[in-house]
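Visitor: Sharing protein04.cif, mmCIF, C-alpha atoms:
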data_upload
#
loop_
_atom_site.label_atom_id
_atom_site.label_comp_id
_atom_site.auth_asym_id
_atom_site.auth_seq_id
_atom_site.Cartn_x
_atom_site.Cartn_y
_atom_site.Cartn_z
CA MET A 1 32.86 117.80 185.40
CA THR A 2 32.36 118.99 181.84
CA ALA A 3 30.61 116.47 179.60
CA VAL A 4 32.54 115.37 176.55
CA SER A 5 30.54 115.20 173.34
CA LEU A 6 30.94 111.78 171.76
CA GLY A 7 29.47 110.51 168.53
CA VAL A 8 30.13 109.69 164.92
CA PRO A 9 33.58 110.89 163.87
CA GLU A 10 33.60 113.72 161.37
CA VAL A 11 35.05 113.17 157.93
CA PRO A 12 38.63 114.49 158.27
CA ALA A 13 38.95 118.19 157.51
CA ARG A 14 42.00 117.27 155.47
CA PRO A 15 42.13 114.23 153.20
CA ILE A 16 44.52 111.39 153.88
CA ALA A 17 46.84 113.01 151.30
CA GLU A 18 46.80 116.04 149.06
CA ARG A 19 45.10 115.10 145.82
CA ARG A 20 47.30 114.94 142.75
CA VAL A 21 46.75 118.01 140.59
CA SER A 22 45.02 117.02 137.37
CA ARG A 23 42.96 118.58 134.64
CA GLN A 24 39.20 118.09 134.90
CA ILE A 25 36.78 116.47 132.49
CA HIS A 26 33.03 115.98 132.74
CA VAL A 27 31.39 112.62 132.18
CA GLY A 28 27.88 113.93 131.78
CA PRO A 29 27.20 115.87 135.00
CA VAL A 30 29.96 114.04 136.93
CA ALA A 31 33.21 115.99 137.25
CA VAL A 32 36.32 113.79 137.14
CA GLY A 33 39.71 115.14 138.21
CA GLY A 34 40.63 118.68 139.06
CA GLY A 35 39.88 118.15 142.75
CA ALA A 36 36.39 116.72 142.21
CA PRO A 37 35.33 113.94 144.61
CA VAL A 38 36.47 110.46 143.60
CA SER A 39 33.57 108.82 141.76
CA VAL A 40 32.52 105.15 141.72
CA GLN A 41 31.86 103.28 138.49
CA SER A 42 30.68 99.83 137.49
CA MET A 43 29.78 97.97 134.30
CA THR A 44 26.63 96.18 133.23
CA THR A 45 26.70 92.42 132.64
CA THR A 46 23.66 92.33 130.36
CA ARG A 47 23.75 92.29 126.59
CA THR A 48 23.57 95.96 125.71
CA SER A 49 21.24 95.15 122.85
CA ASP A 50 18.70 94.01 125.47
CA ILE A 51 17.67 97.55 126.31
CA GLY A 52 15.16 96.64 129.02
CA ALA A 53 17.52 94.38 130.95
CA THR A 54 20.37 96.86 130.64
CA LEU A 55 18.29 99.78 131.88
CA GLN A 56 17.00 97.62 134.76
CA GLN A 57 20.55 96.80 135.82
CA ILE A 58 21.56 100.45 135.50
CA ALA A 59 18.64 101.35 137.78
CA GLU A 60 19.87 98.80 140.34
CA LEU A 61 23.39 100.19 140.11
CA THR A 62 22.10 103.73 140.53
CA ALA A 63 20.22 102.69 143.67
CA SER A 64 23.41 101.14 145.08
CA GLY A 65 25.30 104.43 144.68
CA CYS A 66 26.98 103.98 141.30
CA GLN A 67 27.75 107.33 139.64
CA ILE A 68 28.95 106.28 136.19
CA VAL A 69 28.14 103.08 134.31
CA ARG A 70 29.92 101.42 131.40
CA VAL A 71 28.21 99.22 128.81
CA ALA A 72 29.86 96.84 126.35
CA CYS A 73 29.45 97.42 122.64
CA PRO A 74 30.79 94.41 120.70
CA THR A 75 28.09 94.28 117.96
CA GLN A 76 26.04 96.53 115.73
CA ASP A 77 22.90 95.65 117.69
CA ASP A 78 24.62 96.93 120.84
CA ALA A 79 25.63 100.12 119.07
CA ASP A 80 22.05 100.61 117.90
CA ALA A 81 20.83 100.37 121.50
CA LEU A 82 23.18 103.02 122.88
CA ALA A 83 21.07 106.08 122.07
CA THR A 84 18.05 104.79 123.99
CA ILE A 85 20.14 103.61 126.93
CA ALA A 86 22.09 106.86 127.16
CA ARG A 87 18.88 108.87 127.04
CA LYS A 88 16.98 106.84 129.64
CA SER A 89 19.79 106.06 132.10
CA GLN A 90 19.71 107.96 135.39
CA ILE A 91 23.52 108.14 135.44
CA PRO A 92 26.12 108.85 132.73
CA VAL A 93 26.75 105.98 130.31
CA ILE A 94 30.20 105.17 128.92
CA ALA A 95 30.40 102.96 125.84
CA ASP A 96 33.15 100.34 126.04
CA ILE A 97 34.68 99.82 122.60
CA HIS A 98 37.00 97.04 121.46
CA PHE A 99 38.08 95.80 118.02
CA GLN A 100 35.79 97.93 115.83
CA PRO A 101 36.57 101.66 115.58
CA LYS A 102 33.23 102.30 113.84
CA TYR A 103 31.50 101.77 117.18
CA VAL A 104 33.48 104.67 118.67
CA PHE A 105 31.73 106.98 116.23
CA ALA A 106 28.39 105.28 116.85
CA ALA A 107 28.72 105.80 120.61
CA ILE A 108 29.60 109.46 120.19
CA GLU A 109 26.65 110.00 117.85
CA ALA A 110 24.37 108.14 120.28
CA GLY A 111 25.05 110.70 122.99
CA CYS A 112 27.05 108.56 125.39
CA ALA A 113 28.62 110.59 128.17
CA ALA A 114 32.07 109.21 127.30
CA VAL A 115 33.72 106.49 125.25
CA ARG A 116 36.32 104.02 126.50
CA VAL A 117 38.75 102.82 123.85
CA ASN A 118 41.31 100.04 124.20
CA PRO A 119 43.97 100.96 121.62
CA GLY A 120 45.75 97.63 121.94
CA ASN A 121 42.94 95.68 120.28
CA ILE A 122 41.28 98.18 117.92
CA LYS A 123 42.55 97.62 114.40
CA LYS A 124 44.17 100.66 112.79
CA PHE A 125 43.05 102.78 115.74
CA ASP A 126 46.00 105.15 115.47
CA ASP A 127 45.08 105.93 111.85
CA GLN A 128 41.63 107.15 112.91
CA VAL A 129 42.53 109.32 115.88
CA LYS A 130 42.08 112.52 113.88
CA GLU A 131 38.49 111.64 112.97
CA ILE A 132 37.70 110.35 116.47
CA ALA A 133 39.10 113.52 118.06
CA LYS A 134 37.00 115.70 115.76
CA ALA A 135 33.80 113.76 116.44
CA ALA A 136 34.42 113.73 120.20
CA ARG A 137 35.20 117.45 120.23
CA ASP A 138 32.11 118.30 118.19
CA HIS A 139 29.88 116.39 120.61
CA GLY A 140 31.73 117.29 123.82
CA THR A 141 32.45 113.62 124.49
CA PRO A 142 35.46 112.69 126.67
CA ILE A 143 37.62 109.73 125.71
CA ARG A 144 39.01 107.24 128.19
CA ILE A 145 42.20 105.61 127.01
CA GLY A 146 41.98 102.25 128.74
CA VAL A 147 45.14 100.17 128.56
CA ASN A 148 44.91 96.60 129.88
CA ALA A 149 47.72 94.15 130.54
CA GLY A 150 45.81 91.42 128.71
CA SER A 151 45.46 93.40 125.48
CA LEU A 152 48.66 95.38 125.31
CA ASP A 153 49.94 96.35 121.86
CA LYS A 154 52.17 93.57 120.50
CA ARG A 155 54.94 96.04 119.74
CA LEU A 156 55.21 96.94 123.39
CA LEU A 157 55.08 93.32 124.48
CA GLN A 158 58.04 92.64 122.21
CA LYS A 159 59.89 95.66 123.57
CA TYR A 160 59.38 94.95 127.29
CA GLY A 161 58.82 91.19 127.24
CA ARG A 162 55.62 91.44 129.30
CA ALA A 163 53.08 93.96 130.55
CA THR A 164 55.37 95.93 132.85
CA PRO A 165 54.37 99.26 134.44
CA GLU A 166 56.59 101.00 131.90
CA ALA A 167 54.90 99.21 128.99
CA LEU A 168 51.40 100.11 130.21
CA VAL A 169 52.32 103.75 130.71
CA GLU A 170 54.11 104.05 127.39
CA SER A 171 51.04 102.67 125.61
CA ALA A 172 48.68 105.11 127.32
CA LEU A 173 50.86 108.18 126.82
CA TRP A 174 51.53 107.31 123.18
CA GLU A 175 47.81 107.20 122.46
CA ALA A 176 47.24 110.41 124.41
CA SER A 177 49.94 112.11 122.36
CA LEU A 178 48.11 111.21 119.15
CA PHE A 179 45.00 112.98 120.43
CA GLU A 180 47.12 115.92 121.57
CA GLU A 181 48.42 116.32 118.02
CA HIS A 182 44.84 117.21 117.11
CA ASP A 183 44.43 119.48 120.11
CA PHE A 184 42.13 117.06 121.94
CA ARG A 185 42.77 116.71 125.67
CA ASP A 186 39.37 115.81 127.06
CA ILE A 187 40.90 112.53 128.19
CA LYS A 188 41.16 110.27 131.20
CA ILE A 189 43.49 107.30 131.40
CA SER A 190 43.58 103.87 132.99
CA VAL A 191 46.46 101.36 133.04
CA LYS A 192 45.00 98.20 134.54
CA HIS A 193 46.73 94.98 135.56
CA ASN A 194 45.55 91.97 137.55
CA ASP A 195 48.58 92.18 139.86
CA PRO A 196 48.06 94.98 142.40
CA VAL A 197 51.81 95.61 142.71
CA VAL A 198 52.26 96.11 138.97
CA MET A 199 49.08 98.18 138.82
CA VAL A 200 50.16 100.48 141.67
CA ASN A 201 53.58 101.06 140.15
CA ALA A 202 52.05 101.75 136.75
CA TYR A 203 49.73 104.42 138.14
CA ARG A 204 52.52 106.01 140.17
CA LEU A 205 54.62 106.29 137.04
CA LEU A 206 51.69 107.59 135.01
CA ALA A 207 50.82 110.18 137.66
CA GLU A 208 54.34 111.60 137.39
CA ARG A 209 54.24 111.87 133.63
CA CYS A 210 50.89 113.49 132.85
CA ASP A 211 48.15 115.63 134.34
CA TYR A 212 45.19 113.70 132.94
CA PRO A 213 42.60 112.41 135.44
CA LEU A 214 43.13 108.73 136.24
CA HIS A 215 40.60 105.91 136.43
CA LEU A 216 41.79 103.23 138.89
CA GLY A 217 41.16 99.54 138.44
CA VAL A 218 42.66 96.14 139.14
CA THR A 219 41.49 94.24 136.09
CA GLU A 220 40.20 90.67 136.40
CA ALA A 221 40.56 90.99 140.17
CA GLY A 222 38.72 87.70 140.74
CA PRO A 223 35.84 86.42 142.90
CA ALA A 224 34.27 88.71 145.48
CA PHE A 225 36.62 88.01 148.39
CA GLN A 226 39.88 87.93 146.47
CA GLY A 227 38.90 90.83 144.22
CA THR A 228 37.86 92.97 147.15
CA ILE A 229 41.20 92.44 148.87
CA LYS A 230 43.20 93.16 145.71
CA SER A 231 41.21 96.30 144.95
CA ALA A 232 41.25 97.61 148.51
CA VAL A 233 45.03 97.15 148.75
CA ALA A 234 45.76 98.77 145.39
CA PHE A 235 43.24 101.62 145.67
CA GLY A 236 44.22 102.28 149.27
CA ALA A 237 47.89 102.60 148.33
CA LEU A 238 47.21 105.01 145.47
CA LEU A 239 44.41 107.06 146.99
CA SER A 240 46.43 107.50 150.16
CA GLU A 241 49.05 109.17 147.93
CA GLY A 242 46.43 111.39 146.30
CA ILE A 243 46.42 109.39 143.04
CA GLY A 244 43.08 108.50 141.47
CA ASP A 245 39.98 110.38 140.34
CA THR A 246 37.45 107.63 139.66
CA ILE A 247 37.42 103.92 140.51
CA ARG A 248 35.91 100.64 139.40
CA VAL A 249 36.19 97.50 141.53
CA SER A 250 36.22 94.56 139.06
CA LEU A 251 34.67 91.49 140.67
CA SER A 252 33.31 88.18 139.46
CA ALA A 253 30.14 89.14 141.28
CA PRO A 254 26.97 91.16 140.63
CA PRO A 255 27.85 94.75 139.62
CA ALA A 256 26.09 96.25 142.64
CA GLU A 257 28.62 94.42 144.84
CA GLU A 258 31.41 96.26 143.02
CA VAL A 259 29.78 99.56 143.89
CA LYS A 260 29.35 98.66 147.56
CA VAL A 261 33.02 97.75 147.83
CA GLY A 262 34.11 100.91 146.02
CA ILE A 263 32.02 103.14 148.24
CA GLN A 264 33.32 101.43 151.37
CA ILE A 265 36.93 101.92 150.24
CA LEU A 266 36.34 105.65 149.78
CA GLU A 267 34.56 105.94 153.13
CA SER A 268 37.34 104.08 154.92
CA LEU A 269 39.90 106.56 153.55
CA GLY A 270 37.81 109.57 154.52
CA LEU A 271 37.25 110.45 150.86
CA ARG A 272 33.47 110.21 151.17
CA GLN A 273 30.98 110.93 153.95
CA ARG A 274 30.64 107.78 155.99
CA ARG A 275 27.27 106.10 155.96
CA LEU A 276 26.37 102.68 157.39
CA GLU A 277 29.54 101.52 159.13
CA ILE A 278 29.58 98.33 161.16
CA VAL A 279 32.42 98.20 163.66
CA SER A 280 32.61 94.77 165.24
CA CYS A 281 35.07 92.62 167.10
CA PRO A 282 35.85 89.14 165.77
CA SER A 283 34.25 87.78 168.96
CA CYS A 284 36.15 85.66 171.48
CA GLY A 285 35.67 83.55 174.58
CA ARG A 286 34.65 86.65 176.57
CA ALA A 287 31.56 87.29 174.43
CA GLN A 288 28.34 86.47 176.25
CA VAL A 289 26.03 87.03 173.26
CA ASP A 290 26.01 85.91 169.64
CA VAL A 291 27.75 88.99 168.20
CA TYR A 292 27.53 87.79 164.61
CA LYS A 293 23.75 87.30 164.82
CA LEU A 294 23.22 90.67 166.51
CA ALA A 295 25.36 92.45 163.93
CA ASP A 296 23.53 90.86 161.00
CA GLU A 297 20.09 91.59 162.42
CA VAL A 298 20.89 95.21 163.27
CA THR A 299 22.43 95.79 159.84
CA ALA A 300 19.40 94.30 158.12
CA GLY A 301 17.08 96.41 160.24
CA LEU A 302 18.90 99.63 159.35
CA GLU A 303 19.33 98.93 155.65
CA GLY A 304 18.39 101.91 153.55
CA MET A 305 18.83 104.54 156.26
CA GLU A 306 20.17 107.72 154.65
CA VAL A 307 21.93 109.53 157.51
CA PRO A 308 25.51 109.05 158.81
CA LEU A 309 24.68 107.05 161.93
CA ARG A 310 27.16 104.94 163.90
CA VAL A 311 25.74 102.06 165.93
CA ALA A 312 27.90 99.92 168.22
CA VAL A 313 26.88 96.33 169.01
CA MET A 314 29.33 95.08 171.62
CA GLY A 315 29.63 91.56 172.99
CA CYS A 316 31.61 91.82 176.22
CA VAL A 317 32.48 94.13 179.10
CA VAL A 318 36.14 94.67 178.12
CA ASN A 319 35.78 97.02 175.16
CA GLY A 320 31.99 97.10 175.01
CA PRO A 321 31.09 100.11 177.16
CA GLY A 322 33.86 102.29 175.77
CA GLU A 323 33.06 101.49 172.14
CA ALA A 324 29.33 101.91 172.73
CA ARG A 325 29.88 105.36 174.26
CA GLU A 326 31.85 106.53 171.22
CA ALA A 327 29.03 105.75 168.81
CA ASP A 328 25.77 107.60 168.16
CA LEU A 329 23.98 104.51 169.36
CA GLY A 330 25.33 101.38 170.95
CA VAL A 331 24.83 98.35 173.15
CA ALA A 332 27.20 96.70 175.60
CA SER A 333 25.94 93.14 176.08
CA GLY A 334 26.45 90.51 178.76
CA ASN A 335 24.66 88.30 181.29
CA GLY A 336 21.55 88.06 179.14
CA LYS A 337 20.96 91.79 178.84
CA GLY A 338 22.26 94.88 177.09
CA GLN A 339 22.96 98.46 178.14
CA ILE A 340 21.72 100.85 175.45
CA PHE A 341 23.86 103.95 174.87
CA VAL A 342 22.76 107.09 173.01
CA LYS A 343 25.42 109.75 172.42
CA GLY A 344 27.60 108.29 175.15
CA GLU A 345 24.91 108.02 177.83
CA VAL A 346 23.15 104.87 179.08
CA ILE A 347 19.42 105.34 178.50
CA LYS A 348 18.11 101.88 179.42
CA THR A 349 18.93 98.23 180.01
CA VAL A 350 16.96 95.62 178.07
CA PRO A 351 16.85 91.81 177.91
CA GLU A 352 19.00 90.22 175.22
CA SER A 353 15.85 89.31 173.25
CA LYS A 354 14.98 93.03 172.97
CA ILE A 355 18.41 94.37 171.94
CA VAL A 356 17.87 94.41 168.18
CA GLU A 357 14.35 95.79 168.41
CA THR A 358 15.47 98.55 170.80
CA LEU A 359 18.48 99.55 168.72
CA ILE A 360 16.38 99.86 165.59
CA GLU A 361 13.77 101.98 167.40
CA GLU A 362 16.42 104.30 168.82
CA ALA A 363 18.19 104.49 165.45
CA MET A 364 14.98 105.67 163.81
CA LYS A 365 14.59 108.41 166.44
CA ILE A 366 18.18 109.59 165.96
CA ALA A 367 17.86 109.50 162.18
CA GLU A 368 14.68 111.57 162.31
CA GLN A 369 16.40 114.15 164.52
CA MET A 370 19.42 114.24 162.22
CA GLU A 371 17.20 114.88 159.23
CA GLN A 372 15.42 117.69 161.09
CA ASP A 373 18.80 119.17 161.97
CA GLY A 374 19.84 119.08 158.33
CA VAL A 375 22.61 116.50 158.72
CA ALA A 376 24.01 115.53 155.30
CA SER A 377 22.51 112.32 154.03
CA GLY A 378 24.62 109.23 153.90
CA GLU A 379 24.47 105.66 155.10
CA PRO A 380 24.33 104.98 158.83
CA ALA A 381 27.51 103.84 160.56
CA VAL A 382 27.27 100.76 162.79
CA THR A 383 29.89 99.56 165.25
CA VAL A 384 29.73 95.92 166.38
CA SER A 385 32.01 94.14 168.81
#
Would you write the structure of this file as structure tokens?
Guide:
Amino acid sequence: MTAVSLGVPEVPARPIAERRVSRQIHVGPVAVGGGAPVSVQSMTTTRTSDIGATLQQIAELTASGCQIVRVACPTQDDADALATIARKSQIPVIADIHFQPKYVFAAIEAGCAAVRVNPGNIKKFDDQVKEIAKAARDHGTPIRIGVNAGSLDKRLLQKYGRATPEALVESALWEASLFEEHDFRDIKISVKHNDPVVMVNAYRLLAERCDYPLHLGVTEAGPAFQGTIKSAVAFGALLSEGIGDTIRVSLSAPPAEEVKVGIQILESLGLRQRRLEIVSCPSCGRAQVDVYKLADEVTAGLEGMEVPLRVAVMGCVVNGPGEAREADLGVASGNGKGQIFVKGEVIKTVPESKIVETLIEEAMKIAEQMEQDGVASGEPAVTVS
């Protein structure tokens, strides 16, 4: 009988949907749009004027996988700090500008990789587009037109009655047209709303009406659990239709948590090489081991591994053996012991007390072999049930 090769599933040769065709911009070295991989962004929570704290948080975000970081710039002290932060950051820095157009120019002069402007709350912004376009063009600085439901232009609120998808899109395209009048198109656009349904419809409408790259976000999504659900639903709907070029998960949680969620969303859609993936059952009366404890201990033991490894930690004999065989590494547990699987084959049986230790040892061996074989780095994938 011919052996069947089992192991970590490959990233699909074809994406879940054909990507929307868009123009491409560059935020520092990160390409956005034009078929480039979807990038993950976050935003610092420190005072930008506190250069040390801001750079420390950027370093933490970089380590978590963040590719682009945004910093707030509400004061002159913040604007004065931008040059140092932009120069020392390991990833591209976007300055987030509200209310004061003078800070747009300051951010461009400081060498920020891009500038986000919110036209709805910058006084006399439209009157200064010509000068902003010239400064941005001269420095090669892209502009993100970021429209938010909570700060929509009052004229549009009067016209539509509330922040509808049509109102958000009209605001964004109007501002883009002002830049286009000055032959500036190094632009990306976001139209954020706290309601995922409104947000999805706004981006669908926007995607039909322009070819600019789009930054996805559910604004003020809420605490970690609620915000994760809202973002996953909205991003999943749009990305599965090929809409979206860069994302930011907005959570009332540490910024690194936003990045972890964003990366996991992209991995789940096959838009990024899968890394550490934990597949687990919710447990039930059939489970003969503490699946939750095993899963947590194995995950902690494999934290930081940089190869795409799938590990299955299974708690019963119904689905356990089959799931364990389909992973790079797995265990089917029961009756106080666990069968250890490597690439679909049982290699040993160990007492329950040795399961975690054995899985970690075998994972290290597989990871070392993967690295020797030149397997693309990523996070290991773990299956638990």
Visitor: Which residues fall under the PyMOL selection byres ((chain A and resi 239) around 12) in this file, as a compact mmCIF listing (two decimals) with C-alpha atoms, keeping the file's coordinate frame?
Guide:
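For reference, out30.txt as written:
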# COMPACT_ATOMS: atom_id res chain seq x y z
CA PRO A 15 42.13 114.23 153.20
CA ILE A 16 44.52 111.39 153.88
CA ALA A 17 46.84 113.01 151.30
CA GLU A 18 46.80 116.04 149.06
CA ARG A 19 45.10 115.10 145.82
CA ARG A 20 47.30 114.94 142.75
CA PRO A 37 35.33 113.94 144.61
CA VAL A 38 36.47 110.46 143.60
CA VAL A 200 50.16 100.48 141.67
CA TYR A 203 49.73 104.42 138.14
CA ARG A 204 52.52 106.01 140.17
CA ALA A 207 50.82 110.18 137.66
CA LEU A 214 43.13 108.73 136.24
CA HIS A 215 40.60 105.91 136.43
CA LEU A 216 41.79 103.23 138.89
CA GLY A 217 41.16 99.54 138.44
CA SER A 231 41.21 96.30 144.95
CA ALA A 232 41.25 97.61 148.51
CA VAL A 233 45.03 97.15 148.75
CA ALA A 234 45.76 98.77 145.39
CA PHE A 235 43.24 101.62 145.67
CA GLY A 236 44.22 102.28 149.27
CA ALA A 237 47.89 102.60 148.33
CA LEU A 238 47.21 105.01 145.47
CA SER A 240 46.43 107.50 150.16
CA GLU A 241 49.05 109.17 147.93
CA GLY A 242 46.43 111.39 146.30
CA ILE A 243 46.42 109.39 143.04
CA GLY A 244 43.08 108.50 141.47
CA ASP A 245 39.98 110.38 140.34
CA THR A 246 37.45 107.63 139.66
CA ILE A 247 37.42 103.92 140.51
CA ILE A 265 36.93 101.92 150.24
CA LEU A 266 36.34 105.65 149.78
CA GLU A 267 34.56 105.94 153.13
CA SER A 268 37.34 104.08 154.92
CA LEU A 269 39.90 106.56 153.55
CA GLY A 270 37.81 109.57 154.52
CA LEU A 271 37.25 110.45 150.86
Visitor: Which residues are near Ile340 in chain A? Cut-off 12 Å, all atoms listed in the file, ignore same chain within fewer than 5 positions. Put them as a ChimeraX atom specification.
Guide: /A:311-314,320-321,323-325,327-334,345-352,354-363
Visitor: Please indicate the distance in Å from CA of Gln90 in chain A to CA of Ser39 in chain A, rounded to one decimal place.
Guide: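 A separation of 15.3 Å between them.
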Visitor: CA of Glu60 in chain A and CA of Ile91 in chain A are how many Å apart?
Guide: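 Separation between CA of Glu60 in chain A and CA of Ile91 in chain A: 11.2 Å.
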Visitor: Between CA of Ile366 in chain A and CA of Lys260 in chain A, what distance in Å does the model show, to one decimal?
Guide: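 Answer for the CA of Ile366 in chain A to CA of Lys260 in chain A separation: 24.1 Å.
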Visitor: With the file shown as input, list the residues that the PyMOL selection byres ((chain A and resi 67-74) around 10) selects, as a short mmCIF file (atom, residue, chain, number, x, y, z; two decimals) with C-alpha atoms, in the coordinates of the input.
Guide:
data_model
loop_
_atom_site.label_atom_id
_atom_site.label_comp_id
_atom_site.auth_asym_id
_atom_site.auth_seq_id
_atom_site.Cartn_x
_atom_site.Cartn_y
_atom_site.Cartn_z
CA VAL A 27 31.39 112.62 132.18
CA GLY A 28 27.88 113.93 131.78
CA PRO A 29 27.20 115.87 135.00
CA VAL A 30 29.96 114.04 136.93
CA SER A 39 33.57 108.82 141.76
CA VAL A 40 32.52 105.15 141.72
CA GLN A 41 31.86 103.28 138.49
CA SER A 42 30.68 99.83 137.49
CA MET A 43 29.78 97.97 134.30
CA THR A 44 26.63 96.18 133.23
CA THR A 45 26.70 92.42 132.64
CA THR A 46 23.66 92.33 130.36
CA ARG A 47 23.75 92.29 126.59
CA THR A 48 23.57 95.96 125.71
CA SER A 49 21.24 95.15 122.85
CA THR A 54 20.37 96.86 130.64
CA GLN A 57 20.55 96.80 135.82
CA ILE A 58 21.56 100.45 135.50
CA LEU A 61 23.39 100.19 140.11
CA THR A 62 22.10 103.73 140.53
CA ALA A 63 20.22 102.69 143.67
CA SER A 64 23.41 101.14 145.08
CA GLY A 65 25.30 104.43 144.68
CA CYS A 66 26.98 103.98 141.30
CA THR A 75 28.09 94.28 117.96
CA GLN A 76 26.04 96.53 115.73
CA ASP A 77 22.90 95.65 117.69
CA ASP A 78 24.62 96.93 120.84
CA ALA A 79 25.63 100.12 119.07
CA ASP A 80 22.05 100.61 117.90
CA ALA A 81 20.83 100.37 121.50
CA LEU A 82 23.18 103.02 122.88
CA ILE A 85 20.14 103.61 126.93
CA ALA A 86 22.09 106.86 127.16
CA SER A 89 19.79 106.06 132.10
CA GLN A 90 19.71 107.96 135.39
CA ILE A 91 23.52 108.14 135.44
CA PRO A 92 26.12 108.85 132.73
CA VAL A 93 26.75 105.98 130.31
CA ILE A 94 30.20 105.17 128.92
CA ALA A 95 30.40 102.96 125.84
CA ASP A 96 33.15 100.34 126.04
CA ILE A 97 34.68 99.82 122.60
CA HIS A 98 37.00 97.04 121.46
CA PHE A 99 38.08 95.80 118.02
CA GLN A 100 35.79 97.93 115.83
CA TYR A 103 31.50 101.77 117.18
CA VAL A 104 33.48 104.67 118.67
CA ALA A 106 28.39 105.28 116.85
CA ALA A 107 28.72 105.80 120.61
CA CYS A 112 27.05 108.56 125.39
CA ALA A 113 28.62 110.59 128.17
CA ALA A 114 32.07 109.21 127.30
CA VAL A 115 33.72 106.49 125.25
CA ARG A 116 36.32 104.02 126.50
CA THR A 246 37.45 107.63 139.66
CA ILE A 247 37.42 103.92 140.51
CA ARG A 248 35.91 100.64 139.40
CA PRO A 255 27.85 94.75 139.62
CA VAL A 259 29.78 99.56 143.89
#
Visitor: Excluding range 167-178 of chain A and any residue of its chain fewer than 6 positions from it, enumerate the residues within 12 Å of it, using only C-alpha atoms, and give them as a ChimeraX atom specification.
Guide: /A:117-121,125-133,143-161,184-193,198-212,214
Visitor: Between A:Phe105, A:His139, A:Lys88, A:Ala300, which is the closest to Gln56 in chain A once you count all atoms listed in the file?
Guide: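 Distance minimum relative to Gln56 in chain A lands on A:Lys88.
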Visitor: Would you list the contacts of Gln24 in chain A as an NGL selection string, taking every protein, DNA or RNA residue within 7 Å and counting only C-alpha atoms, but skipping same-chain residues closer than 3 positions in sequence?
Guide: :A and (31-34 or 213)
